[in-house]
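Below is the file my_file.cif, which contains mmCIF, C-alpha atoms and all ligand atoms.
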```cif
data_structure
loop_
_atom_site.label_atom_id
_atom_site.label_comp_id
_atom_site.auth_asym_id
_atom_site.auth_seq_id
_atom_site.Cartn_x
_atom_site.Cartn_y
_atom_site.Cartn_z
CA MET A 23 80.12 92.95 87.89
CA LYS A 24 78.36 93.58 91.21
CA ALA A 25 78.81 97.00 92.83
CA LEU A 26 77.30 98.99 95.71
CA GLN A 27 75.96 102.19 94.21
CA ILE A 28 74.56 105.54 95.30
CA LEU A 29 71.25 105.68 93.43
CA LYS A 30 69.91 108.89 94.96
CA TYR A 31 70.84 111.38 97.66
CA GLY A 32 69.29 110.75 101.06
CA GLU A 33 69.49 108.22 103.86
CA LEU A 34 71.89 105.28 103.51
CA LYS A 35 69.08 102.69 103.52
CA ASN A 36 67.25 104.40 100.63
CA GLY A 37 70.20 105.90 98.78
CA LEU A 38 72.39 102.79 98.43
CA SER A 39 71.66 99.67 96.39
CA PHE A 40 73.54 96.73 94.87
CA SER A 41 73.63 96.88 91.05
CA GLU A 42 74.97 94.91 88.14
CA THR A 43 77.34 97.23 86.23
CA SER A 44 80.01 96.83 83.58
CA ARG A 45 83.60 96.14 84.59
CA PRO A 46 85.58 99.43 84.39
CA SER A 47 87.87 99.84 81.39
CA ILE A 48 91.44 101.01 81.87
CA ASN A 49 93.57 103.53 80.02
CA ALA A 50 97.34 103.40 79.43
CA THR A 51 98.31 104.55 82.94
CA ASP A 52 95.69 102.54 84.86
CA ILE A 53 95.63 99.15 86.47
CA LEU A 54 92.57 96.96 86.96
CA ILE A 55 92.29 95.49 90.45
CA GLU A 56 90.27 92.43 91.38
CA THR A 57 88.96 93.65 94.73
CA LYS A 58 89.78 91.68 97.87
CA ALA A 59 88.69 94.31 100.41
CA THR A 60 87.41 97.88 100.67
CA GLY A 61 87.88 100.33 103.53
CA LEU A 62 84.92 102.57 104.39
CA ASN A 63 85.27 106.26 105.27
CA PRO A 64 82.89 108.97 106.54
CA ILE A 65 83.23 110.83 103.21
CA ASP A 66 81.33 107.92 101.60
CA TYR A 67 78.19 108.33 103.71
CA LYS A 68 78.49 112.13 103.56
CA LEU A 69 78.31 111.78 99.75
CA VAL A 70 75.15 109.67 100.02
CA SER A 71 73.49 112.33 102.17
CA GLY A 72 74.16 114.94 99.46
CA GLY A 73 76.11 117.05 101.96
CA LEU A 74 79.17 117.25 99.69
CA LYS A 75 77.33 117.77 96.38
CA ASP A 76 79.17 121.02 95.60
CA MET A 77 82.67 119.78 96.38
CA VAL A 78 82.28 116.30 94.89
CA PRO A 79 79.66 116.42 92.13
CA LEU A 80 78.43 112.93 91.18
CA ASN A 81 76.61 111.54 88.15
CA LEU A 82 74.17 109.14 89.77
CA PRO A 83 74.08 106.18 89.88
CA SER A 84 77.66 106.14 91.09
CA THR A 85 79.60 103.31 92.74
CA ILE A 86 80.64 104.23 96.30
CA GLY A 87 84.06 103.98 97.98
CA PHE A 88 87.64 105.31 97.78
CA ASP A 89 89.90 102.72 99.47
CA VAL A 90 90.74 99.35 97.94
CA SER A 91 93.10 96.39 98.21
CA GLY A 92 93.32 93.53 95.75
CA VAL A 93 95.28 91.81 93.00
CA ILE A 94 96.23 93.30 89.61
CA LEU A 95 94.25 91.67 86.82
CA GLU A 96 95.31 93.94 83.93
CA LYS A 97 97.66 96.86 83.42
CA GLY A 98 97.81 99.66 80.86
CA ALA A 99 100.62 99.96 78.32
CA ASP A 100 102.37 102.82 80.16
CA VAL A 101 102.28 101.29 83.66
CA ASN A 102 105.72 100.70 85.19
CA GLY A 103 106.66 99.07 88.47
CA PHE A 104 103.60 96.82 88.75
CA GLU A 105 102.84 93.39 87.26
CA VAL A 106 99.68 91.36 86.79
CA GLY A 107 99.22 89.31 89.98
CA ASP A 108 100.78 91.89 92.33
CA ALA A 109 98.94 92.49 95.63
CA VAL A 110 98.28 96.24 95.86
CA TYR A 111 96.25 98.90 97.67
CA ALA A 112 95.20 102.49 96.95
CA ARG A 113 93.03 105.48 97.67
CA VAL A 114 91.56 106.07 94.22
CA PRO A 115 91.23 109.61 92.76
CA GLN A 116 87.81 111.28 92.83
CA ASN A 117 87.18 110.59 89.12
CA GLN A 118 87.75 106.85 89.72
CA MET A 119 85.58 106.60 92.85
CA GLY A 120 83.86 103.24 93.17
CA THR A 121 85.81 100.72 95.25
CA VAL A 122 82.84 98.83 96.70
CA ALA A 123 82.80 96.75 93.53
CA GLU A 124 84.28 93.48 92.31
CA TYR A 125 86.74 95.30 90.00
CA VAL A 126 88.34 98.74 90.33
CA ALA A 127 90.29 100.76 87.74
CA VAL A 128 92.89 103.11 89.23
CA ASP A 129 95.71 105.30 87.98
CA SER A 130 98.92 103.45 88.84
CA THR A 131 100.58 106.61 90.25
CA VAL A 132 98.39 106.41 93.37
CA VAL A 133 98.90 102.67 93.98
CA SER A 134 101.38 100.93 96.28
CA LYS A 135 102.28 97.27 96.83
CA LYS A 136 100.46 95.79 99.82
CA PRO A 137 102.84 95.19 102.73
CA GLU A 138 103.27 91.40 103.02
CA ASN A 139 102.90 91.39 106.80
CA ILE A 140 99.28 92.58 106.75
CA SER A 141 96.07 91.11 105.31
CA PHE A 142 94.04 92.54 102.41
CA GLU A 143 91.41 93.66 104.97
CA GLU A 144 94.00 95.54 107.02
CA ALA A 145 95.55 97.12 103.92
CA ALA A 146 92.19 98.32 102.60
CA GLY A 147 91.71 100.44 105.71
CA LEU A 148 94.97 102.35 105.48
CA PRO A 149 95.22 104.59 102.40
CA LEU A 150 92.72 107.39 103.07
CA ILE A 151 93.37 107.69 106.82
CA GLY A 152 97.13 107.34 106.40
CA LEU A 153 97.44 109.91 103.61
CA THR A 154 95.15 112.28 105.51
CA SER A 155 97.23 112.04 108.69
CA ILE A 156 100.53 112.54 106.89
CA GLN A 157 99.26 115.44 104.75
CA ALA A 158 97.53 117.27 107.62
CA LEU A 159 100.47 116.90 110.03
CA GLU A 160 103.20 117.62 107.47
CA ARG A 161 101.34 120.71 106.30
CA VAL A 162 101.99 122.30 109.70
CA GLY A 163 105.53 120.93 109.89
CA LEU A 164 105.14 118.33 112.68
CA LYS A 165 108.58 117.72 114.21
CA GLU A 166 110.33 115.92 117.04
CA GLY A 167 109.39 117.23 120.48
CA ASP A 168 106.15 118.92 119.35
CA ARG A 169 103.29 118.65 121.84
CA VAL A 170 100.25 117.63 119.78
CA LEU A 171 96.59 117.01 120.58
CA ILE A 172 94.96 114.55 118.19
CA HIS A 173 91.19 114.52 118.63
CA ALA A 174 89.23 111.24 118.36
CA GLY A 175 92.19 108.90 118.80
CA SER A 176 89.92 105.85 118.44
CA GLY A 177 88.66 106.86 114.97
CA GLY A 178 90.13 105.77 111.67
CA VAL A 179 92.23 108.91 111.23
CA GLY A 180 93.08 109.34 114.92
CA SER A 181 94.31 105.77 115.37
CA PHE A 182 96.74 106.22 112.45
CA ALA A 183 97.74 109.80 113.33
CA ILE A 184 98.76 108.86 116.90
CA GLN A 185 101.13 106.19 115.61
CA TYR A 186 102.49 108.47 112.87
CA ALA A 187 103.10 111.39 115.27
CA LYS A 188 104.96 109.03 117.61
CA THR A 189 107.27 107.93 114.77
CA LYS A 190 108.11 111.65 114.38
CA GLY A 191 109.01 111.95 118.07
CA ALA A 192 106.01 114.07 119.12
CA TYR A 193 104.42 114.09 122.59
CA VAL A 194 100.84 113.00 121.87
CA TYR A 195 97.65 113.87 123.74
CA THR A 196 94.43 112.38 122.42
CA THR A 197 90.71 112.33 123.26
CA THR A 198 88.36 109.36 123.32
CA SER A 199 85.58 107.90 125.49
CA THR A 200 86.03 105.53 128.45
CA LYS A 201 85.58 102.26 126.54
CA ASN A 202 88.49 103.06 124.21
CA VAL A 203 91.04 104.51 126.65
CA GLU A 204 93.18 101.39 127.15
CA TRP A 205 93.66 100.32 123.53
CA VAL A 206 94.26 103.91 122.39
CA LYS A 207 96.99 104.21 125.06
CA ALA A 208 98.53 101.06 123.59
CA LEU A 209 98.89 102.85 120.23
CA GLY A 210 101.53 105.01 121.92
CA ALA A 211 99.63 108.12 123.01
CA ASN A 212 101.38 109.75 125.98
CA ARG A 213 98.16 111.00 127.59
CA VAL A 214 94.69 109.74 126.69
CA ILE A 215 91.96 112.14 127.80
CA ASP A 216 88.64 110.43 128.54
CA TYR A 217 86.14 113.02 127.33
CA LYS A 218 83.36 111.36 129.32
CA LYS A 219 85.21 112.14 132.56
CA GLU A 220 87.64 114.97 131.80
CA ASP A 221 87.54 118.36 130.08
CA TYR A 222 90.46 118.33 127.64
CA LYS A 223 90.69 122.13 127.81
CA SER A 224 91.65 121.95 131.48
CA ILE A 225 94.39 119.39 130.79
CA VAL A 226 96.22 120.74 127.71
CA SER A 227 97.60 124.23 127.09
CA ASP A 228 100.36 125.90 125.10
CA LEU A 229 100.31 123.12 122.51
CA ASP A 230 102.40 123.28 119.36
CA ILE A 231 99.70 121.62 117.23
CA VAL A 232 96.04 120.61 117.46
CA PHE A 233 94.95 118.04 114.87
CA ASP A 234 91.22 118.74 114.62
CA THR A 235 89.28 115.71 113.33
CA LEU A 236 85.95 116.78 114.87
CA GLY A 237 85.11 120.25 113.52
CA ASP A 238 82.44 122.64 114.83
CA ASP A 239 83.31 124.05 118.29
CA TYR A 240 86.36 121.79 118.57
CA THR A 241 88.05 123.81 115.81
CA LEU A 242 87.36 127.12 117.54
CA GLU A 243 88.41 125.75 120.94
CA ALA A 244 91.74 124.63 119.47
CA PHE A 245 92.89 128.27 119.44
CA GLN A 246 92.45 128.42 123.25
CA ILE A 247 94.88 125.56 123.84
CA ILE A 248 97.70 126.29 121.37
CA LYS A 249 100.72 128.40 122.29
CA VAL A 250 101.24 131.80 120.66
CA GLY A 251 102.43 130.95 117.15
CA GLY A 252 100.89 127.46 117.42
CA LYS A 253 99.16 125.53 114.67
CA VAL A 254 95.65 124.19 114.12
CA THR A 255 95.46 121.59 111.37
CA SER A 256 91.91 120.50 110.59
CA ILE A 257 90.26 117.94 108.33
CA ALA A 258 86.72 118.76 109.41
CA SER A 259 86.22 122.54 109.32
CA VAL A 260 86.29 125.54 106.97
CA PRO A 261 89.00 125.82 104.29
CA ASP A 262 92.01 128.05 104.76
CA GLU A 263 92.52 130.40 101.81
CA GLU A 264 95.22 128.29 100.13
CA THR A 265 93.04 125.17 100.24
CA ALA A 266 90.03 127.16 99.02
CA ALA A 267 92.02 128.34 95.99
CA MET A 268 93.14 124.77 95.28
CA MET A 269 89.49 123.70 95.39
CA GLY A 270 88.49 126.45 92.94
CA MET A 271 86.54 128.51 95.51
CA LYS A 272 87.14 131.91 93.91
CA GLY A 273 87.01 134.98 96.21
CA TYR A 274 86.79 132.81 99.36
CA GLN A 275 87.62 134.50 102.66
CA LEU A 276 88.00 132.85 106.03
CA PRO A 277 85.01 133.55 108.32
CA GLU A 278 85.77 136.56 110.54
CA LYS A 279 85.59 134.55 113.78
CA PHE A 280 88.45 132.41 112.46
CA SER A 281 90.57 135.40 111.36
CA LYS A 282 90.17 136.95 114.82
CA LEU A 283 91.23 133.77 116.62
CA ILE A 284 94.19 133.29 114.26
CA ASP A 285 95.35 136.90 114.76
CA ALA A 286 94.97 136.75 118.54
CA LYS A 287 97.36 133.77 118.73
CA SER A 288 99.51 134.58 115.65
CA ALA A 289 98.41 131.07 114.72
CA ASN A 290 98.77 129.00 111.58
CA TYR A 291 95.43 127.47 110.49
CA LYS A 292 95.13 124.85 107.74
CA LEU A 293 92.30 122.68 106.42
CA THR A 294 93.57 119.68 104.49
CA TRP A 295 91.49 117.99 101.78
CA MET A 296 93.49 114.82 101.30
CA GLN A 297 94.88 113.89 97.90
CA PRO A 298 95.78 110.39 96.68
CA ASN A 299 99.54 109.96 96.45
CA GLY A 300 101.41 106.76 95.55
CA GLU A 301 104.77 107.92 96.95
CA GLN A 302 103.26 108.73 100.35
CA LEU A 303 101.47 105.37 100.25
CA ASP A 304 104.90 103.75 99.69
CA THR A 305 106.06 105.54 102.86
CA ILE A 306 103.06 104.09 104.71
CA SER A 307 103.91 100.63 103.33
CA ALA A 308 107.46 100.97 104.65
CA MET A 309 106.26 102.06 108.12
CA VAL A 310 103.82 99.12 108.22
CA LYS A 311 106.56 96.69 107.11
CA ASP A 312 108.80 98.02 109.90
CA GLU A 313 105.87 97.62 112.34
CA LYS A 314 105.96 101.32 113.20
CA ILE A 315 102.30 101.56 112.14
CA LYS A 316 99.71 98.90 112.96
CA PRO A 317 96.37 98.81 111.12
CA ILE A 318 93.40 98.91 113.51
CA THR A 319 90.37 97.00 112.25
CA ASP A 320 87.06 97.22 114.09
CA LYS A 321 84.64 95.12 112.01
CA VAL A 322 84.80 93.21 108.71
CA TYR A 323 81.53 92.74 106.78
CA PRO A 324 80.93 90.48 103.77
CA PHE A 325 80.21 92.40 100.52
CA GLU A 326 76.51 91.52 100.62
CA ASP A 327 76.23 93.28 104.02
CA GLY A 328 77.82 96.49 102.69
CA ILE A 329 74.85 98.70 103.57
CA GLU A 330 74.92 97.44 107.20
CA ALA A 331 78.65 98.22 107.24
CA TYR A 332 77.94 101.83 106.27
CA LEU A 333 75.13 102.09 108.82
CA TYR A 334 77.60 101.00 111.51
CA LEU A 335 80.29 103.47 110.39
CA ALA A 336 77.73 106.27 110.35
CA THR A 337 77.01 105.77 114.07
CA GLY A 338 80.32 107.62 114.57
CA ARG A 339 81.44 105.03 117.16
CA ALA A 340 83.82 102.88 115.05
CA LYS A 341 87.04 101.80 116.78
CA GLY A 342 89.55 102.00 113.94
CA LYS A 343 88.39 100.83 110.52
CA VAL A 344 85.23 99.25 109.08
CA ILE A 345 86.04 96.95 106.16
CA ILE A 346 84.13 95.06 103.45
CA ASN A 347 85.58 91.70 102.42
CA PHE A 348 85.05 90.32 98.89
CA SER A 349 86.36 86.76 99.26
N1 LIG B 1 89.49 116.58 104.91
C1 LIG B 1 89.81 115.34 104.60
O1 LIG B 1 90.51 115.09 103.61
C2 LIG B 1 89.35 114.20 105.48
C3 LIG B 1 89.96 112.95 105.38
C4 LIG B 1 89.56 111.95 106.26
C5 LIG B 1 88.54 112.16 107.19
N2 LIG B 1 87.96 113.39 107.22
C6 LIG B 1 86.90 113.65 108.23
O2 LIG B 1 87.48 113.51 109.51
C7 LIG B 1 86.51 113.02 110.42
C8 LIG B 1 87.07 111.80 111.16
O3 LIG B 1 87.22 110.72 110.24
P1 LIG B 1 87.45 109.23 110.78
O4 LIG B 1 87.62 108.35 109.60
O5 LIG B 1 88.49 109.21 111.82
O6 LIG B 1 86.00 108.97 111.48
P2 LIG B 1 85.50 107.75 112.33
O7 LIG B 1 86.47 106.62 112.26
O8 LIG B 1 84.09 107.47 111.98
O9 LIG B 1 85.51 108.33 113.84
C9 LIG B 1 84.86 107.62 114.83
C10 LIG B 1 85.52 107.87 116.17
O10 LIG B 1 85.30 109.24 116.57
C11 LIG B 1 85.31 109.26 117.98
N3 LIG B 1 84.62 110.46 118.47
C12 LIG B 1 83.37 110.87 118.14
N4 LIG B 1 83.06 112.01 118.82
C13 LIG B 1 84.15 112.28 119.60
C14 LIG B 1 84.44 113.33 120.51
N5 LIG B 1 83.56 114.30 120.78
N6 LIG B 1 85.66 113.34 121.11
C15 LIG B 1 86.57 112.37 120.84
N7 LIG B 1 86.33 111.35 119.99
C16 LIG B 1 85.14 111.32 119.38
C17 LIG B 1 84.60 107.98 118.37
O11 LIG B 1 85.08 107.58 119.64
P3 LIG B 1 84.02 107.40 120.87
O12 LIG B 1 83.07 106.32 120.45
O13 LIG B 1 84.92 107.06 122.00
O14 LIG B 1 83.34 108.74 121.02
C18 LIG B 1 85.00 107.00 117.26
O15 LIG B 1 86.01 106.10 117.67
C19 LIG B 1 85.24 112.75 109.60
O16 LIG B 1 84.40 113.87 109.69
C20 LIG B 1 85.78 112.65 108.17
O17 LIG B 1 84.81 112.97 107.19
C21 LIG B 1 88.33 114.41 106.39
#
```
What is this structure when it is put down as structure tokens?
Ligand SMILES: NC(=O)c1ccc[n+]([C@@H]2O[C@H](COP(=O)([O-])OP(=O)(O)OC[C@H]3O[C@@H](n4cnc5c(N)ncnc54)[C@H](OP(=O)(O)O)[C@@H]3O)[C@@H](O)[C@H]2O)c1
Amino acid sequence: MKALQILKYGELKNGLSFSETSRPSINATDILIETKATGLNPIDYKLVSGGLKDMVPLNLPSTIGFDVSGVILEKGADVNGFEVGDAVYARVPQNQMGTVAEYVAVDSTVVSKKPENISFEEAAGLPLIGLTSIQALERVGLKEGDRVLIHAGSGGVGSFAIQYAKTKGAYVYTTTSTKNVEWVKALGANRVIDYKKEDYKSIVSDLDIVFDTLGDDYTLEAFQIIKVGGKVTSIASVPDEETAAMMGMKGYQLPEKFSKLIDAKSANYKLTWMQPNGEQLDTISAMVKDEKIKPITDKVYPFEDGIEAYLYLATGRAKGKVIINFS
């Protein structure tokens, strides 16, 4: 089968190449998907750069990609609840990475049936961003009435997280640049802050939660704008100690500048490293079916233009999701 593979660490143009590989085999709990579409995520290009070598060790060459939608071609003997021919989608586990390929093997426990009211392209963009949003916001106990700032509302994660936080009854602030303000407002955000024209730190204060999707100084600044006892939930900064233990980082301690900021605000700080989860994906399917969550697709590329698709995503300017289509 044809697959887009990471051949060596480095720049996308040199590191990625199309290869002929064997179709993955399945074990008793797996299903084999004939790929219809793949959703691209920043983790993919960060893996190519070698920046995540320690956290996600790869045996190169390695097929790229974590999100997939398609049709079940085969199922293992112990698979329940799915049949050959079902339309499904998933964020595959790390050891089954490789969704930019004509066929994908995936453990059935992380798979969900594709909602019938969305296309394969739309479905392929949802698993990683949806699971990340739910896990990061639930980890700090998002609840009705919370005042939340979600950074980068026009990104893959932000565009899902805004809609999800609204279903929970939160008051949502978000940041984006001028060109995206109107459509991000239409996702339900109560106040869209145009970072080209406004300083978000002068607009928000005493927040219950900051969802930090940007990292670096944005994580540190989050402690200035939460209330005493507020929460900073990040997907782009240093691990909290619980997450570090889960990732096997023995003896890890939070950097001192973080501990000081946390103590000063009696804050709760978490870094979520998303995990595939079929039950949570079923929840996403239900919200999509009820039209509480709408997939946001920026561009769809044919499989043969997969490297261009990654180059576009890596500009950091995507408006929702970048998708590869296999039909
Ligand atoms: N820990 C985890 O498990 C996990 C899971 C998922 C994602 N992540 C990480 O989370 C980050 C976001 O992922 P994503 O999929 O949402 O990325 P993405 O879709 O590539 O984000 C692109 C968006 O970011 C916006 N943006 C860039 N700089 C901004 C700024 N200074 N202020 C406000 N918006 C800004 C851009 O809007 P403008 O063009 O308007 O600037 C663009 O719409 C990535 O670093 C990713 O690796 C981590």
Give one line per residue of chain A that approaches ligand LIG 1 (chain B) to at most 6 Å, naming the two atoms of the closest pair and their distance in Å to one decimal, counting all atoms listed in the file; sort by chain then ascending residue number and deliver it as JSON lines.
```
{"residue": "A:Asn63", "atom": "CA", "partner": "B:LIG1", "partner_atom": "O4", "distance": 5.4}
{"residue": "A:Pro64", "atom": "CA", "partner": "B:LIG1", "partner_atom": "O17", "distance": 4.5}
{"residue": "A:Ile65", "atom": "CA", "partner": "B:LIG1", "partner_atom": "O17", "distance": 4.8}
{"residue": "A:Ile151", "atom": "CA", "partner": "B:LIG1", "partner_atom": "C4", "distance": 5.7}
{"residue": "A:Thr154", "atom": "CA", "partner": "B:LIG1", "partner_atom": "C3", "distance": 5.2}
{"residue": "A:His173", "atom": "CA", "partner": "B:LIG1", "partner_atom": "C15", "distance": 5.6}
{"residue": "A:Ala174", "atom": "CA", "partner": "B:LIG1", "partner_atom": "N7", "distance": 3.3}
{"residue": "A:Ser176", "atom": "CA", "partner": "B:LIG1", "partner_atom": "O15", "distance": 4.0}
{"residue": "A:Gly177", "atom": "CA", "partner": "B:LIG1", "partner_atom": "O7", "distance": 3.5}
{"residue": "A:Gly178", "atom": "CA", "partner": "B:LIG1", "partner_atom": "O7", "distance": 3.8}
{"residue": "A:Val179", "atom": "CA", "partner": "B:LIG1", "partner_atom": "O5", "distance": 3.8}
{"residue": "A:Gly180", "atom": "CA", "partner": "B:LIG1", "partner_atom": "O5", "distance": 5.5}
{"residue": "A:Thr197", "atom": "CA", "partner": "B:LIG1", "partner_atom": "C15", "distance": 4.8}
{"residue": "A:Thr198", "atom": "CA", "partner": "B:LIG1", "partner_atom": "C15", "distance": 4.3}
{"residue": "A:Ser199", "atom": "CA", "partner": "B:LIG1", "partner_atom": "O13", "distance": 3.6}
{"residue": "A:Asn202", "atom": "CA", "partner": "B:LIG1", "partner_atom": "O13", "distance": 5.8}
{"residue": "A:Thr235", "atom": "CA", "partner": "B:LIG1", "partner_atom": "O2", "distance": 4.8}
{"residue": "A:Leu236", "atom": "CA", "partner": "B:LIG1", "partner_atom": "C7", "distance": 5.9}
{"residue": "A:Ile257", "atom": "CA", "partner": "B:LIG1", "partner_atom": "N1", "distance": 3.8}
{"residue": "A:Ala258", "atom": "CA", "partner": "B:LIG1", "partner_atom": "C6", "distance": 5.2}
{"residue": "A:Thr294", "atom": "CA", "partner": "B:LIG1", "partner_atom": "N1", "distance": 5.1}
{"residue": "A:Trp295", "atom": "CA", "partner": "B:LIG1", "partner_atom": "O1", "distance": 3.6}
{"residue": "A:Met296", "atom": "CA", "partner": "B:LIG1", "partner_atom": "O1", "distance": 3.8}
{"residue": "A:Leu335", "atom": "CA", "partner": "B:LIG1", "partner_atom": "O8", "distance": 5.7}
{"residue": "A:Gly338", "atom": "CA", "partner": "B:LIG1", "partner_atom": "C9", "distance": 4.5}
{"residue": "A:Arg339", "atom": "CA", "partner": "B:LIG1", "partner_atom": "O12", "distance": 3.9}
{"residue": "A:Ala340", "atom": "CA", "partner": "B:LIG1", "partner_atom": "O15", "distance": 4.7}
{"residue": "A:Lys341", "atom": "CA", "partner": "B:LIG1", "partner_atom": "O15", "distance": 4.5}
{"residue": "A:Gly342", "atom": "CA", "partner": "B:LIG1", "partner_atom": "O7", "distance": 5.8}
```
- For Met23 of chain A, the nearest of the candidates A:Val122, A:Val260, A:Leu62, A:Ala266, counting only C-alpha atoms: A:Val122
- Note on the structure: In terms of all atoms listed in the file, the residue from A:Asn212, A:Ser227, A:Thr241, A:Thr131 at minimal distance from Gly300 of chain A is A:Thr131
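Comparing the minimum interatomic distances between Asn36 of chain A and each of A:Ser71, A:Thr51, A:Ser91, A:Ser181, counting only C-alpha atoms, we find that A:Ser71 sits nearest.
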- Query: Taking only C-alpha atoms into account, which of A:Lys58, A:Lys30, A:Lys292, A:Lys207 comes nearest Pro324 of chain A?
  - Reply: A:Lys58
- Would you list the contacts of segment 95-103 of chain A as a ChimeraX atom specification, taking every protein, DNA or RNA residue within 8 Å and counting only C-alpha atoms, but skipping same-chain residues closer than 3 positions in sequence? /A:48-56,106-107,130
- Item | Among the residues A:Asp262, A:Ile315, A:Lys219, A:Phe280, the one that comes closest to Lys190 of chain A [using all atoms listed in the file] |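 Smallest separation from Lys190 of chain A among the options: A:Ile315.
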- Task: May I ask for the distance between atom CA of Asp129 of chain A and atom CA of Ile86 of chain A, given in Å to one decimal place?
- Result: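 Separating atom CA of Asp129 of chain A from atom CA of Ile86 of chain A is a distance of 17.2 Å.
One finds atom CA of Val162 of chain A at 23.3 Å from atom CA of Val310 of chain A.
Using all atoms listed in the file, the nearest neighbour of Asp327 of chain A within the list A:Leu38, A:Val226, A:Leu82, A:Ile231 is A:Leu38.
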- Task: Identify the residues within 9 Å of coordinate (79.2, 91.3, 101.8) (same frame as the file), considering all atoms listed in the file, and give the answer as number ranges by chain.
- Result: A: 323-329, 331, 346-349
For the residues in that selection, give me C-alpha atoms as a PDB file, in the frame of the given file.
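Here's the written file again.pdb:
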```
ATOM      1  CA  TYR A 323      81.530  92.740 106.780  1.00  0.00           C
ATOM      2  CA  PRO A 324      80.930  90.480 103.770  1.00  0.00           C
ATOM      3  CA  PHE A 325      80.210  92.400 100.520  1.00  0.00           C
ATOM      4  CA  GLU A 326      76.510  91.520 100.620  1.00  0.00           C
ATOM      5  CA  ASP A 327      76.230  93.280 104.020  1.00  0.00           C
ATOM      6  CA  GLY A 328      77.820  96.490 102.690  1.00  0.00           C
ATOM      7  CA  ILE A 329      74.850  98.700 103.570  1.00  0.00           C
ATOM      8  CA  ALA A 331      78.650  98.220 107.240  1.00  0.00           C
ATOM      9  CA  ILE A 346      84.130  95.060 103.450  1.00  0.00           C
ATOM     10  CA  ASN A 347      85.580  91.700 102.420  1.00  0.00           C
ATOM     11  CA  PHE A 348      85.050  90.320  98.890  1.00  0.00           C
ATOM     12  CA  SER A 349      86.360  86.760  99.260  1.00  0.00           C
TER      13      SER A 349
END
```
- Item | Selection as a ChimeraX atom specification: residues within 6 Å of (98.6, 100.3, 95.6), counting all atoms listed in the file | /A:110-112,133-135
Write a file of the just-selected residues containing C-alpha atoms, as a JSON list (two decimals), in the frame of the given file.
```json
[["chain", "number", "residue", "atom", "x", "y", "z"],
["A", 110, "VAL", "CA", 98.28, 96.24, 95.86],
["A", 111, "TYR", "CA", 96.25, 98.90, 97.67],
["A", 112, "ALA", "CA", 95.20, 102.49, 96.95],
["A", 133, "VAL", "CA", 98.90, 102.67, 93.98],
["A", 134, "SER", "CA", 101.38, 100.93, 96.28],
["A", 135, "LYS", "CA", 102.28, 97.27, 96.83]]
```
- Rounded to one decimal in Å, what is the spacing between atom CA of Thr200 of chain A and atom CA of Asp239 of chain A? 21.3 Å
N, CA, C and O atoms are what I want for segment 85-93 of chain A; can you complete it accordingly and write them as a compact mmCIF listing (two decimals), keeping the file's coordinate frame?
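File produced: selection.txt:
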```txt
# COMPACT_ATOMS: atom_id res chain seq x y z
N THR A 85 79.12 104.31 91.78
CA THR A 85 79.60 103.31 92.74
C THR A 85 80.35 104.03 93.88
O THR A 85 81.09 104.97 93.64
N ILE A 86 80.11 103.57 95.10
CA ILE A 86 80.64 104.23 96.30
C ILE A 86 82.04 103.69 96.64
O ILE A 86 82.39 102.58 96.24
N GLY A 87 82.82 104.48 97.38
CA GLY A 87 84.06 103.98 97.98
C GLY A 87 85.34 104.52 97.36
O GLY A 87 85.41 104.72 96.14
N PHE A 88 86.36 104.75 98.23
CA PHE A 88 87.64 105.31 97.78
C PHE A 88 88.85 104.42 98.09
O PHE A 88 89.89 104.61 97.49
N ASP A 89 88.75 103.54 99.08
CA ASP A 89 89.90 102.72 99.47
C ASP A 89 89.72 101.30 98.95
O ASP A 89 88.62 100.73 99.05
N VAL A 90 90.82 100.71 98.47
CA VAL A 90 90.74 99.35 97.94
C VAL A 90 92.04 98.59 98.17
O VAL A 90 93.11 99.20 98.18
N SER A 91 91.92 97.27 98.33
CA SER A 91 93.10 96.39 98.21
C SER A 91 92.68 95.22 97.33
O SER A 91 91.50 94.86 97.27
N GLY A 92 93.65 94.66 96.63
CA GLY A 92 93.32 93.53 95.75
C GLY A 92 94.52 93.11 94.93
O GLY A 92 95.66 93.47 95.24
N VAL A 93 94.22 92.38 93.84
CA VAL A 93 95.28 91.81 93.00
C VAL A 93 95.14 92.38 91.58
O VAL A 93 94.03 92.50 91.06
```
